[in-house]
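K.L.:
Coordinates in coords-v3.cif, mmCIF, C-alpha atoms, are listed below.
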data_start
loop_
_atom_site.label_atom_id
_atom_site.label_comp_id
_atom_site.auth_asym_id
_atom_site.auth_seq_id
_atom_site.Cartn_x
_atom_site.Cartn_y
_atom_site.Cartn_z
CA MET A 1 -159.88 -149.32 -153.36
CA ASP A 2 -163.68 -149.52 -153.47
CA LYS A 3 -165.36 -149.95 -156.79
CA SER A 4 -168.52 -148.00 -157.45
CA ALA A 5 -171.70 -149.97 -158.09
CA PRO A 6 -172.66 -150.42 -161.78
CA PRO A 7 -175.37 -148.04 -162.98
CA ALA A 8 -178.94 -149.32 -162.89
CA PRO A 9 -180.40 -150.38 -166.26
CA PRO A 10 -182.61 -147.72 -167.84
CA TRP A 11 -186.35 -147.97 -167.24
CA TRP A 12 -187.14 -148.71 -170.88
CA PHE A 13 -184.80 -151.71 -170.86
CA LEU A 14 -186.46 -153.10 -167.73
CA SER A 15 -189.88 -152.54 -169.33
CA LEU A 16 -188.87 -154.49 -172.43
CA VAL A 17 -187.50 -157.33 -170.32
CA PHE A 18 -190.72 -157.45 -168.31
CA LEU A 19 -192.94 -157.45 -171.40
CA GLY A 20 -190.84 -160.12 -173.10
CA ALA A 21 -190.90 -162.34 -170.01
CA ALA A 22 -194.66 -161.88 -169.64
CA TYR A 23 -195.22 -162.80 -173.30
CA VAL A 24 -193.04 -165.92 -173.09
CA ALA A 25 -194.75 -166.98 -169.86
CA THR A 26 -198.21 -166.48 -171.38
CA VAL A 27 -197.41 -168.50 -174.51
CA THR A 28 -195.76 -171.25 -172.46
CA LEU A 29 -198.68 -171.56 -170.04
CA ARG A 30 -201.19 -171.67 -172.91
CA LEU A 31 -199.18 -174.34 -174.71
CA LEU A 32 -198.80 -176.44 -171.56
CA ALA A 33 -202.52 -176.16 -170.82
CA TYR A 34 -203.34 -177.12 -174.40
CA LEU A 35 -200.99 -180.13 -174.32
CA ALA A 36 -202.40 -181.29 -170.97
CA PHE A 37 -205.93 -180.97 -172.31
CA SER A 38 -205.05 -182.81 -175.55
CA LEU A 39 -203.24 -185.68 -173.86
CA HIS A 40 -205.72 -186.26 -171.03
CA ARG A 41 -209.07 -185.63 -172.67
CA GLN A 42 -211.54 -188.48 -172.33
CA PRO A 43 -213.42 -189.81 -175.36
CA LYS A 44 -217.07 -188.87 -175.36
CA ASP A 45 -220.15 -190.42 -176.91
CA LEU A 46 -221.20 -187.85 -179.50
CA ARG A 47 -224.36 -189.75 -180.30
CA SER A 48 -225.75 -189.69 -176.76
CA ARG A 49 -224.54 -186.15 -176.05
CA TYR A 50 -225.74 -184.44 -179.24
CA GLY A 51 -227.82 -186.73 -181.45
CA ALA A 52 -227.79 -189.70 -183.79
CA TRP A 53 -227.02 -187.88 -187.05
CA ALA A 54 -224.25 -185.64 -188.37
CA VAL A 55 -224.37 -183.41 -191.46
CA ILE A 56 -221.05 -182.92 -193.26
CA THR A 57 -220.29 -180.87 -196.36
CA GLY A 58 -217.50 -181.78 -198.76
CA PRO A 59 -217.24 -185.42 -197.58
CA THR A 60 -215.90 -187.11 -200.73
CA SER A 61 -212.15 -186.42 -200.51
CA GLY A 62 -209.34 -185.19 -198.28
CA MET A 63 -210.21 -183.94 -194.82
CA GLY A 64 -213.94 -184.21 -195.44
CA ARG A 65 -213.74 -187.88 -196.31
CA ALA A 66 -211.61 -188.56 -193.22
CA MET A 67 -214.07 -186.59 -191.07
CA ALA A 68 -217.01 -188.58 -192.43
CA LEU A 69 -215.28 -191.88 -191.67
CA GLU A 70 -214.31 -190.73 -188.17
CA LEU A 71 -217.82 -189.50 -187.34
CA ALA A 72 -219.22 -192.82 -188.57
CA ARG A 73 -216.63 -194.70 -186.50
CA ARG A 74 -218.00 -192.82 -183.50
CA GLY A 75 -221.45 -194.25 -184.30
CA LEU A 76 -223.11 -191.29 -186.01
CA ASN A 77 -225.37 -191.66 -189.02
CA LEU A 78 -224.42 -189.25 -191.79
CA VAL A 79 -226.09 -186.77 -194.12
CA LEU A 80 -223.47 -186.30 -196.86
CA VAL A 81 -223.63 -183.04 -198.81
CA GLY A 82 -221.59 -182.66 -202.00
CA ARG A 83 -221.79 -181.80 -205.67
CA ASP A 84 -220.85 -185.11 -207.35
CA PRO A 85 -223.51 -187.87 -207.17
CA ALA A 86 -221.08 -190.68 -208.00
CA ASN A 87 -218.56 -189.62 -205.35
CA LEU A 88 -221.34 -189.22 -202.79
CA GLU A 89 -222.56 -192.74 -203.53
CA GLU A 90 -219.02 -194.10 -203.17
CA ILE A 91 -218.36 -192.54 -199.75
CA SER A 92 -221.88 -193.45 -198.63
CA ASN A 93 -221.32 -197.12 -199.50
CA THR A 94 -217.88 -197.08 -197.87
CA VAL A 95 -219.22 -195.60 -194.63
CA ARG A 96 -222.07 -198.10 -194.43
CA SER A 97 -219.88 -201.11 -195.15
CA LEU A 98 -217.12 -200.14 -192.70
CA HIS A 99 -219.18 -198.85 -189.79
CA GLY A 100 -222.74 -200.06 -190.28
CA VAL A 101 -224.38 -196.65 -189.94
CA GLU A 102 -227.16 -195.10 -191.97
CA THR A 103 -226.48 -192.48 -194.61
CA LYS A 104 -228.42 -189.98 -196.68
CA THR A 105 -227.02 -187.90 -199.54
CA VAL A 106 -227.86 -184.43 -200.81
CA VAL A 107 -226.43 -183.34 -204.16
CA PHE A 108 -225.61 -179.67 -203.65
CA ASP A 109 -223.01 -177.62 -205.52
CA LEU A 110 -222.26 -175.10 -202.80
CA SER A 111 -220.79 -172.66 -205.32
CA LEU A 112 -224.41 -172.09 -206.40
CA VAL A 113 -225.51 -170.88 -202.95
CA ALA A 114 -227.37 -167.54 -203.14
CA THR A 115 -228.19 -168.10 -206.81
CA PRO A 116 -231.48 -169.34 -208.33
CA HIS A 117 -229.80 -172.70 -209.09
CA GLY A 118 -229.01 -173.16 -205.41
CA ASP A 119 -232.55 -172.75 -204.10
CA GLU A 120 -233.76 -176.27 -204.89
CA PRO A 121 -230.74 -178.12 -203.38
CA LEU A 122 -231.07 -176.00 -200.24
CA ARG A 123 -234.75 -176.92 -200.01
CA GLN A 124 -233.79 -180.59 -200.37
CA LEU A 125 -231.26 -180.26 -197.57
CA ARG A 126 -233.89 -178.76 -195.28
CA GLU A 127 -236.31 -181.57 -196.12
CA THR A 128 -233.63 -184.20 -195.53
CA VAL A 129 -232.70 -183.02 -192.04
CA GLU A 130 -236.29 -182.35 -190.99
CA GLY A 131 -237.29 -184.99 -188.49
CA LEU A 132 -233.75 -186.37 -188.08
CA ASP A 133 -231.98 -186.17 -184.73
CA VAL A 134 -229.09 -184.11 -186.15
CA GLY A 135 -226.58 -183.49 -183.39
CA VAL A 136 -223.44 -182.43 -185.29
CA LEU A 137 -222.93 -180.13 -188.27
CA MET A 138 -219.48 -180.14 -189.87
CA ASN A 139 -219.07 -177.24 -192.33
CA ASN A 140 -215.98 -178.68 -194.02
CA ALA A 141 -216.36 -177.80 -197.70
CA GLY A 142 -213.89 -175.24 -198.98
CA VAL A 143 -212.42 -173.98 -202.24
CA GLY A 144 -208.74 -173.06 -202.54
CA GLU A 145 -208.51 -172.31 -206.25
CA PRO A 146 -207.55 -170.11 -208.03
CA ALA A 147 -204.26 -170.29 -206.12
CA MET A 148 -200.79 -168.87 -206.67
CA ALA A 149 -202.41 -166.08 -208.67
CA TYR A 150 -202.51 -162.32 -208.50
CA LEU A 151 -205.97 -160.86 -208.00
CA HIS A 152 -206.20 -159.43 -211.53
CA GLU A 153 -205.25 -162.69 -213.25
CA ALA A 154 -208.30 -164.82 -212.46
CA ASP A 155 -211.85 -164.33 -213.66
CA VAL A 156 -213.97 -162.47 -211.13
CA GLU A 157 -216.56 -165.26 -211.16
CA ALA A 158 -213.91 -167.68 -209.89
CA TRP A 159 -213.35 -165.48 -206.84
CA VAL A 160 -217.11 -165.18 -206.32
CA ARG A 161 -217.51 -168.99 -206.42
CA MET A 162 -214.81 -169.26 -203.76
CA MET A 163 -216.63 -166.76 -201.56
CA ARG A 164 -219.94 -168.58 -202.02
CA VAL A 165 -218.45 -171.87 -200.83
CA ASN A 166 -216.17 -170.55 -198.09
CA LEU A 167 -218.54 -167.93 -196.66
CA TRP A 168 -222.13 -168.03 -197.83
CA ALA A 169 -222.55 -171.81 -197.80
CA VAL A 170 -221.43 -171.91 -194.16
CA THR A 171 -224.24 -169.49 -193.36
CA GLU A 172 -226.94 -171.17 -195.45
CA VAL A 173 -226.21 -174.73 -194.31
CA THR A 174 -225.98 -173.67 -190.65
CA ALA A 175 -229.31 -171.84 -190.94
CA ALA A 176 -230.87 -174.99 -192.40
CA VAL A 177 -229.68 -177.26 -189.58
CA LEU A 178 -229.88 -175.01 -186.48
CA PRO A 179 -233.69 -174.94 -186.04
CA GLY A 180 -233.82 -178.65 -185.28
CA MET A 181 -230.96 -178.36 -182.79
CA VAL A 182 -232.75 -175.52 -181.02
CA GLU A 183 -235.95 -177.56 -180.87
CA ARG A 184 -234.11 -180.52 -179.32
CA GLY A 185 -231.98 -178.35 -177.03
CA ARG A 186 -228.61 -179.82 -178.04
CA GLY A 187 -226.09 -179.84 -180.86
CA ALA A 188 -222.60 -178.96 -182.05
CA VAL A 189 -221.61 -176.87 -185.08
CA VAL A 190 -218.03 -177.04 -186.37
CA ASN A 191 -216.78 -174.61 -189.02
CA ILE A 192 -213.46 -175.59 -190.58
CA GLY A 193 -211.24 -172.58 -191.14
CA SER A 194 -207.52 -172.29 -191.84
CA ALA A 195 -204.52 -171.30 -189.79
CA SER A 196 -203.21 -169.62 -192.96
CA SER A 197 -205.49 -166.75 -192.04
CA GLN A 198 -205.23 -166.84 -188.27
CA ALA A 199 -201.71 -167.63 -187.13
CA ILE A 200 -199.85 -165.76 -189.86
CA PRO A 201 -200.24 -162.14 -190.98
CA SER A 202 -200.64 -162.69 -194.74
CA PHE A 203 -200.95 -165.38 -197.40
CA PRO A 204 -199.81 -163.76 -200.67
CA LEU A 205 -201.01 -165.14 -204.01
CA CYS A 206 -203.80 -166.92 -202.09
CA THR A 207 -205.34 -163.66 -200.96
CA ILE A 208 -209.05 -164.35 -201.44
CA TYR A 209 -208.82 -167.84 -199.92
CA SER A 210 -207.09 -166.62 -196.77
CA ALA A 211 -209.45 -163.63 -196.52
CA THR A 212 -212.52 -165.89 -196.67
CA LYS A 213 -211.05 -168.06 -193.93
CA ARG A 214 -209.83 -165.19 -191.77
CA HIS A 215 -210.35 -165.47 -188.01
CA VAL A 216 -209.68 -163.29 -185.02
CA HIS A 217 -205.95 -162.94 -184.36
CA ALA A 218 -204.90 -162.47 -180.76
CA THR A 219 -203.42 -159.08 -181.59
CA ASN A 220 -205.81 -158.15 -184.38
CA THR A 221 -209.18 -156.55 -183.87
CA ARG A 222 -210.41 -157.22 -187.43
CA ASN A 223 -213.08 -159.79 -186.69
CA MET A 224 -213.48 -161.44 -190.07
CA TYR A 225 -216.51 -163.39 -191.08
CA VAL A 226 -216.02 -167.07 -190.20
CA ALA A 227 -214.68 -166.49 -186.70
CA HIS A 228 -217.07 -163.67 -185.91
CA PHE A 229 -219.93 -165.85 -187.18
CA SER A 230 -218.78 -168.82 -185.09
CA ARG A 231 -218.04 -166.86 -181.93
CA SER A 232 -221.28 -164.90 -182.02
CA LEU A 233 -223.36 -168.02 -182.66
CA HIS A 234 -221.53 -169.74 -179.80
CA LEU A 235 -222.63 -166.97 -177.45
CA GLU A 236 -226.17 -166.83 -178.84
CA TYR A 237 -226.86 -170.56 -178.67
CA ALA A 238 -224.83 -171.77 -175.68
CA SER A 239 -227.90 -171.34 -173.48
CA GLU A 240 -229.79 -173.61 -175.91
CA GLY A 241 -227.28 -176.43 -175.37
CA ILE A 242 -225.55 -175.85 -178.73
CA HIS A 243 -221.76 -175.55 -178.96
CA VAL A 244 -220.38 -173.64 -181.97
CA GLN A 245 -216.72 -173.92 -182.80
CA CYS A 246 -214.29 -172.79 -185.51
CA GLN A 247 -211.31 -175.10 -186.05
CA ALA A 248 -208.20 -173.70 -187.75
CA PRO A 249 -205.76 -176.38 -188.97
CA PHE A 250 -202.36 -175.77 -190.52
CA PHE A 251 -201.08 -178.18 -193.17
CA VAL A 252 -203.04 -181.38 -193.82
CA ALA A 253 -201.79 -183.71 -196.56
CA THR A 254 -204.58 -183.12 -199.07
CA ARG A 255 -204.65 -182.12 -202.71
CA MET A 256 -205.19 -178.49 -201.71
CA VAL A 257 -201.82 -178.22 -199.93
CA GLU A 258 -199.70 -180.93 -201.56
CA ASN A 259 -197.82 -178.41 -203.73
CA LEU A 260 -197.34 -175.69 -201.12
CA ALA A 261 -193.63 -174.98 -200.78
CA GLU A 262 -193.95 -174.10 -197.10
CA ALA A 263 -195.80 -177.38 -196.42
CA ARG A 264 -192.84 -179.29 -197.85
CA ARG A 265 -190.35 -177.26 -195.82
CA LEU A 266 -192.42 -177.78 -192.68
CA SER A 267 -193.27 -181.43 -193.37
CA PRO A 268 -192.83 -182.54 -189.72
CA PHE A 269 -195.87 -180.38 -188.95
CA THR A 270 -197.99 -181.73 -191.83
CA VAL A 271 -200.48 -184.37 -190.71
CA THR A 272 -202.55 -186.93 -192.61
CA PRO A 273 -206.29 -186.34 -193.09
CA GLY A 274 -207.00 -189.27 -190.79
CA ALA A 275 -204.81 -187.92 -187.99
CA TYR A 276 -206.43 -184.51 -188.24
CA ALA A 277 -209.94 -185.98 -188.34
CA ARG A 278 -209.34 -187.93 -185.13
CA ALA A 279 -208.14 -184.78 -183.37
CA ALA A 280 -210.89 -182.61 -184.84
CA VAL A 281 -213.74 -184.94 -183.90
CA GLY A 282 -212.20 -185.37 -180.44
CA TRP A 283 -212.42 -181.59 -179.94
CA ILE A 284 -216.09 -181.26 -180.84
CA GLY A 285 -217.84 -179.55 -177.95
CA ARG A 286 -214.61 -178.82 -176.09
CA GLY A 287 -212.93 -175.52 -175.29
CA GLY A 288 -213.91 -172.18 -176.71
CA PRO A 289 -215.28 -171.17 -180.11
CA LEU A 290 -211.78 -171.00 -181.70
CA CYS A 291 -209.27 -173.85 -181.59
CA THR A 292 -206.52 -175.76 -183.37
CA PRO A 293 -207.09 -179.42 -182.46
CA ASN A 294 -203.86 -181.06 -183.66
CA VAL A 295 -200.86 -180.88 -181.30
CA ARG A 296 -198.28 -180.44 -184.09
CA HIS A 297 -200.33 -177.64 -185.60
CA ARG A 298 -200.49 -175.93 -182.22
CA LEU A 299 -196.72 -176.11 -181.86
CA LEU A 300 -196.32 -174.55 -185.31
CA TRP A 301 -198.80 -171.86 -184.31
CA CYS A 302 -196.68 -170.95 -181.28
CA ALA A 303 -193.57 -170.80 -183.47
CA ALA A 304 -195.35 -168.53 -185.95
CA ALA A 305 -196.54 -166.28 -183.13
CA ALA A 306 -192.96 -165.78 -181.99
CA ALA A 307 -191.71 -164.68 -185.42
CA PRO A 308 -192.01 -161.05 -186.58
CA ASP A 309 -194.72 -160.41 -189.15
CA SER A 310 -192.17 -159.04 -191.61
CA VAL A 311 -190.22 -162.31 -191.53
CA LEU A 312 -193.34 -164.40 -192.12
CA ASP A 313 -194.44 -162.08 -194.95
CA TRP A 314 -191.04 -162.44 -196.65
CA PHE A 315 -190.96 -166.22 -196.21
CA LEU A 316 -194.47 -166.79 -197.57
CA LEU A 317 -194.13 -164.44 -200.52
CA ARG A 318 -190.83 -166.06 -201.49
CA SER A 319 -192.31 -169.56 -201.14
CA HIS A 320 -195.42 -168.75 -203.15
CA LEU A 321 -193.51 -167.01 -205.94
CA GLU A 322 -191.28 -170.09 -206.13
CA GLN A 323 -194.31 -172.34 -206.30
CA ARG A 324 -195.93 -170.13 -208.93
CA THR A 325 -192.82 -170.47 -211.12
CA THR A 326 -192.82 -174.25 -210.68
CA LEU A 327 -196.50 -174.54 -211.61
CA SER A 328 -196.00 -172.37 -214.70
CA GLN A 329 -193.12 -174.59 -215.82
CA GLN A 330 -195.24 -177.72 -215.30
CA ILE A 331 -198.11 -176.20 -217.33
CA ARG A 332 -195.79 -175.26 -220.20
CA ALA A 333 -194.19 -178.72 -220.18
CA SER A 334 -197.58 -180.44 -220.34
CA GLY A 335 -198.84 -178.20 -223.11
CA ALA A 336 -201.98 -177.42 -221.12
CA PRO A 337 -203.45 -173.93 -221.26
CA ALA A 338 -202.58 -171.68 -218.36
CA PRO A 339 -205.39 -171.34 -215.78
CA SER A 340 -207.45 -168.18 -215.97
#
What would the structure in this file look like if it were written as structure tokens?
P.N.:
Amino acid sequence: MDKSAPPAPPWWFLSLVFLGAAYVATVTLRLLAYLAFSLHRQPKDLRSRYGAWAVITGPTSGMGRAMALELARRGLNLVLVGRDPANLEEISNTVRSLHGVETKTVVFDLSLVATPHGDEPLRQLRETVEGLDVGVLMNNAGVGEPAMAYLHEADVEAWVRMMRVNLWAVTEVTAAVLPGMVERGRGAVVNIGSASSQAIPSFPLCTIYSATKRHVHATNTRNMYVAHFSRSLHLEYASEGIHVQCQAPFFVATRMVENLAEARRLSPFTVTPGAYARAAVGWIGRGGPLCTPNVRHRLLWCAAAAAPDSVLDWFLLRSHLEQRTTLSQQIRASGAPAPS
């Protein structure tokens, strides 16, 4: 007795299978290309390619300190821009003693950008870089506090200070350094962003921070400031020999992320500042205007891209509410006043 052939799958099922296979293939090919590029890239001489000096903001601790040391290890002299004179002197002395490069310091509280108190430090920065062969600008400085707070709980001025550092300072410092690069016909600008605003759909209780760091998501047409700024400058100045890039790391073991619940849960993907700095400096001038230099961070990015937005939203809100409770308990136990 002959058996009839099974019915053909419906067209919508075949369409879903095709789209799913195409998505998996695209992600896989991108990841393989990224890994091949990361593992086989050749070290380059930043000094001969771009110039003898690098300007770096926020160089006294965490990622910024590691970046400064790595740039100096590559033979670049440094202009160190930060708000604390003593800390600037310390990192300046450390860089000179370890790597034998020259340093200059500019005391500049970047939270005062676009205020009358920020005009004089900005003028000093322009005077400092004038005449120097500045080849690399690393806009690293960032503010992550207030954190684990609802929007209405913190003073408005605290949010404004965050926006000045994370947005306006990037613009002002870049505008101060770019003219010399254009005149010399070479240079690299690196803006440090955050994967918290690029690879995941939301970052609750850190809303203003993630919004100021927001980049272009592959499926999101909301071109937020830092990425749009970086990408547009990359297109404008590529013909002048200047490469502009926005780097978006995930978790780096710094004070800013040490208490994040999700960073503890995803500790295999958390890297040291030194490890990130080596990857970040190695990616200067490579690839497109948006990148995630560290291999472990890229793997986490792919995992996040595969998860539904609703799952990531739930996970992050739960983690941040848990962290908020823990911080409140620590504040009460210490007898310190709650942050405002």
K.L.:
May I have the protein, DNA and RNA residues with any atom at most 8 Å from the point (-223.2, -173.1, -202.7), counting all atoms listed in the file, written as number ranges by chain?
P.N.:
A: 108-114, 118, 161, 164-165, 168-169
K.L.:
By how many Å are atom CA of Cys291 of chain A and atom CA of Pro268 of chain A apart?
P.N.:
20.3 Å
K.L.:
Can you tell me, as a list in words, which residues sit within 6 Å of (-206.7, -167.3, -207.3) in the file's frame, using only C-alpha atoms?
P.N.:
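Residues with an atom at most 6 Å from (-206.7, -167.3, -207.3): Glu145, Pro146, Ala147, Ala149, Ala154 and Cys206 of chain A.
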K.L.:
One number please: atom CA of Ala275 of chain A to atom CA of Ala253 of chain A, in Å, one decimal.
P.N.:
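The value is 10.0 Å.
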K.L.:
So how far away is atom CA of Met148 of chain A from atom CA of Val160 of chain A, in Å?
P.N.:
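That distance, rounded to one decimal, is 16.7 Å.
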K.L.:
Can you give me, as number ranges by chain, the residues this file yields under the PyMOL selection byres ((chain A and resi 294) around 10)?
P.N.:
A: 35, 38, 247-250, 269, 271, 275-280, 282-283, 291-293, 295-299
K.L.:
Apply the PyMOL selection byres ((chain A and resi 91-99) around 10) to the file shown and report the selected residues as a list in words.
P.N.:
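Given this file, the PyMOL selection byres ((chain A and resi 91-99) around 10) evaluates to Pro59, Thr60, Ser61, Arg65, Ala68, Leu69, Glu70, Leu71, Ala72, Arg73, Arg74, Gly75, Leu76, Asn77, Leu78, Val79, Leu80, Ala86, Asn87, Leu88, Glu89, Glu90, Gly100, Val101, Glu102, Thr103, Lys104 and Thr105 of chain A.
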K.L.:
Just want the 9 Å neighbourhood of Val106 of chain A, counted on only C-alpha atoms, with same-chain residues fewer than 5 positions away dropped. Output as a PyMOL selection string.
P.N.:
chain A and resi 79-83+85+88+121+124-125+128
K.L.:
Once the PyMOL selection byres ((chain A and resi 230) around 8) has been applied to the shown file, what residues remain in the selection, as a PDB file with C-alpha atoms, keeping the file's coordinate frame?
P.N.:
ATOM      1  CA  ASN A 191    -216.780-174.610-189.020  1.00  0.00           C
ATOM      2  CA  VAL A 226    -216.020-167.070-190.200  1.00  0.00           C
ATOM      3  CA  ALA A 227    -214.680-166.490-186.700  1.00  0.00           C
ATOM      4  CA  HIS A 228    -217.070-163.670-185.910  1.00  0.00           C
ATOM      5  CA  PHE A 229    -219.930-165.850-187.180  1.00  0.00           C
ATOM      6  CA  ARG A 231    -218.040-166.860-181.930  1.00  0.00           C
ATOM      7  CA  SER A 232    -221.280-164.900-182.020  1.00  0.00           C
ATOM      8  CA  LEU A 233    -223.360-168.020-182.660  1.00  0.00           C
ATOM      9  CA  HIS A 234    -221.530-169.740-179.800  1.00  0.00           C
ATOM     10  CA  VAL A 244    -220.380-173.640-181.970  1.00  0.00           C
ATOM     11  CA  GLN A 245    -216.720-173.920-182.800  1.00  0.00           C
ATOM     12  CA  CYS A 246    -214.290-172.790-185.510  1.00  0.00           C
ATOM     13  CA  PRO A 289    -215.280-171.170-180.110  1.00  0.00           C
TER      14      PRO A 289
END
K.L.:
Report, as JSON, the centre and edge lengths in Å (one decimal) of the axis-aligned box enclosing every listed atom of segment 69-77 of chain A, padded by 4 Å on each side.
P.N.:
{"center_x": -219.8, "center_y": -192.1, "center_z": -187.6, "size_x": 19.1, "size_y": 13.2, "size_z": 16.2}
K.L.:
Ranking A:Trp314, A:Val134, A:Leu300, A:Ala21 by minimum distance to Ala54 of chain A and counting all atoms listed in the file, which one comes first?
P.N.:
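Under the stated criterion, the closest residue is A:Val134.
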K.L.:
Env of Gly187 of chain A: 6 Å cut, atoms = only C-alpha atoms, seq-sep filter 5 positions within chain, self excluded. Answer as a VMD selection string.
P.N.:
chain A and resid 50 135 to 136 181 242
K.L.:
Would you mind writing segment 150-170 of chain A with N, CA and C atoms, as a PDB file, in the coordinates of the input?
P.N.:
ATOM      1  N   TYR A 150    -202.209-163.696-208.869  1.00  0.00           N
ATOM      2  CA  TYR A 150    -202.510-162.320-208.500  1.00  0.00           C
ATOM      3  C   TYR A 150    -204.002-162.066-208.721  1.00  0.00           C
ATOM      4  N   LEU A 151    -204.536-161.112-207.986  1.00  0.00           N
ATOM      5  CA  LEU A 151    -205.970-160.860-208.000  1.00  0.00           C
ATOM      6  C   LEU A 151    -206.489-160.586-209.412  1.00  0.00           C
ATOM      7  N   HIS A 152    -205.715-159.837-210.216  1.00  0.00           N
ATOM      8  CA  HIS A 152    -206.200-159.430-211.530  1.00  0.00           C
ATOM      9  C   HIS A 152    -206.129-160.539-212.572  1.00  0.00           C
ATOM     10  N   GLU A 153    -205.482-161.654-212.240  1.00  0.00           N
ATOM     11  CA  GLU A 153    -205.250-162.690-213.250  1.00  0.00           C
ATOM     12  C   GLU A 153    -206.422-163.642-213.418  1.00  0.00           C
ATOM     13  N   ALA A 154    -207.207-163.851-212.394  1.00  0.00           N
ATOM     14  CA  ALA A 154    -208.300-164.820-212.460  1.00  0.00           C
ATOM     15  C   ALA A 154    -209.615-164.110-212.774  1.00  0.00           C
ATOM     16  N   ASP A 155    -210.523-164.864-213.359  1.00  0.00           N
ATOM     17  CA  ASP A 155    -211.850-164.330-213.660  1.00  0.00           C
ATOM     18  C   ASP A 155    -212.573-164.001-212.351  1.00  0.00           C
ATOM     19  N   VAL A 156    -213.277-162.907-212.348  1.00  0.00           N
ATOM     20  CA  VAL A 156    -213.970-162.470-211.130  1.00  0.00           C
ATOM     21  C   VAL A 156    -214.945-163.539-210.641  1.00  0.00           C
ATOM     22  N   GLU A 157    -215.591-164.230-211.560  1.00  0.00           N
ATOM     23  CA  GLU A 157    -216.560-165.260-211.160  1.00  0.00           C
ATOM     24  C   GLU A 157    -215.888-166.379-210.367  1.00  0.00           C
ATOM     25  N   ALA A 158    -214.624-166.656-210.653  1.00  0.00           N
ATOM     26  CA  ALA A 158    -213.910-167.680-209.890  1.00  0.00           C
ATOM     27  C   ALA A 158    -213.756-167.260-208.432  1.00  0.00           C
ATOM     28  N   TRP A 159    -213.435-165.978-208.212  1.00  0.00           N
ATOM     29  CA  TRP A 159    -213.350-165.480-206.840  1.00  0.00           C
ATOM     30  C   TRP A 159    -214.715-165.507-206.154  1.00  0.00           C
ATOM     31  N   VAL A 160    -215.764-165.186-206.900  1.00  0.00           N
ATOM     32  CA  VAL A 160    -217.110-165.180-206.320  1.00  0.00           C
ATOM     33  C   VAL A 160    -217.522-166.600-205.929  1.00  0.00           C
ATOM     34  N   ARG A 161    -217.195-167.591-206.777  1.00  0.00           N
ATOM     35  CA  ARG A 161    -217.510-168.990-206.420  1.00  0.00           C
ATOM     36  C   ARG A 161    -216.803-169.381-205.132  1.00  0.00           C
ATOM     37  N   MET A 162    -215.544-168.961-204.986  1.00  0.00           N
ATOM     38  CA  MET A 162    -214.810-169.260-203.760  1.00  0.00           C
ATOM     39  C   MET A 162    -215.510-168.649-202.544  1.00  0.00           C
ATOM     40  N   MET A 163    -215.956-167.418-202.683  1.00  0.00           N
ATOM     41  CA  MET A 163    -216.630-166.760-201.560  1.00  0.00           C
ATOM     42  C   MET A 163    -217.967-167.422-201.249  1.00  0.00           C
ATOM     43  N   ARG A 164    -218.672-167.885-202.279  1.00  0.00           N
ATOM     44  CA  ARG A 164    -219.940-168.580-202.020  1.00  0.00           C
ATOM     45  C   ARG A 164    -219.719-169.838-201.187  1.00  0.00           C
ATOM     46  N   VAL A 165    -218.699-170.617-201.550  1.00  0.00           N
ATOM     47  CA  VAL A 165    -218.450-171.870-200.830  1.00  0.00           C
ATOM     48  C   VAL A 165    -217.888-171.604-199.442  1.00  0.00           C
ATOM     49  N   ASN A 166    -216.888-170.734-199.349  1.00  0.00           N
ATOM     50  CA  ASN A 166    -216.170-170.550-198.090  1.00  0.00           C
ATOM     51  C   ASN A 166    -216.902-169.670-197.081  1.00  0.00           C
ATOM     52  N   LEU A 167    -217.823-168.837-197.559  1.00  0.00           N
ATOM     53  CA  LEU A 167    -218.540-167.930-196.660  1.00  0.00           C
ATOM     54  C   LEU A 167    -220.042-168.189-196.643  1.00  0.00           C
ATOM     55  N   TRP A 168    -220.671-168.021-197.794  1.00  0.00           N
ATOM     56  CA  TRP A 168    -222.130-168.030-197.830  1.00  0.00           C
ATOM     57  C   TRP A 168    -222.705-169.410-197.554  1.00  0.00           C
ATOM     58  N   ALA A 169    -222.037-170.452-198.042  1.00  0.00           N
ATOM     59  CA  ALA A 169    -222.550-171.810-197.800  1.00  0.00           C
ATOM     60  C   ALA A 169    -222.525-172.150-196.313  1.00  0.00           C
ATOM     61  N   VAL A 170    -221.482-171.679-195.610  1.00  0.00           N
ATOM     62  CA  VAL A 170    -221.430-171.910-194.160  1.00  0.00           C
ATOM     63  C   VAL A 170    -222.669-171.336-193.496  1.00  0.00           C
TER      64      VAL A 170
END
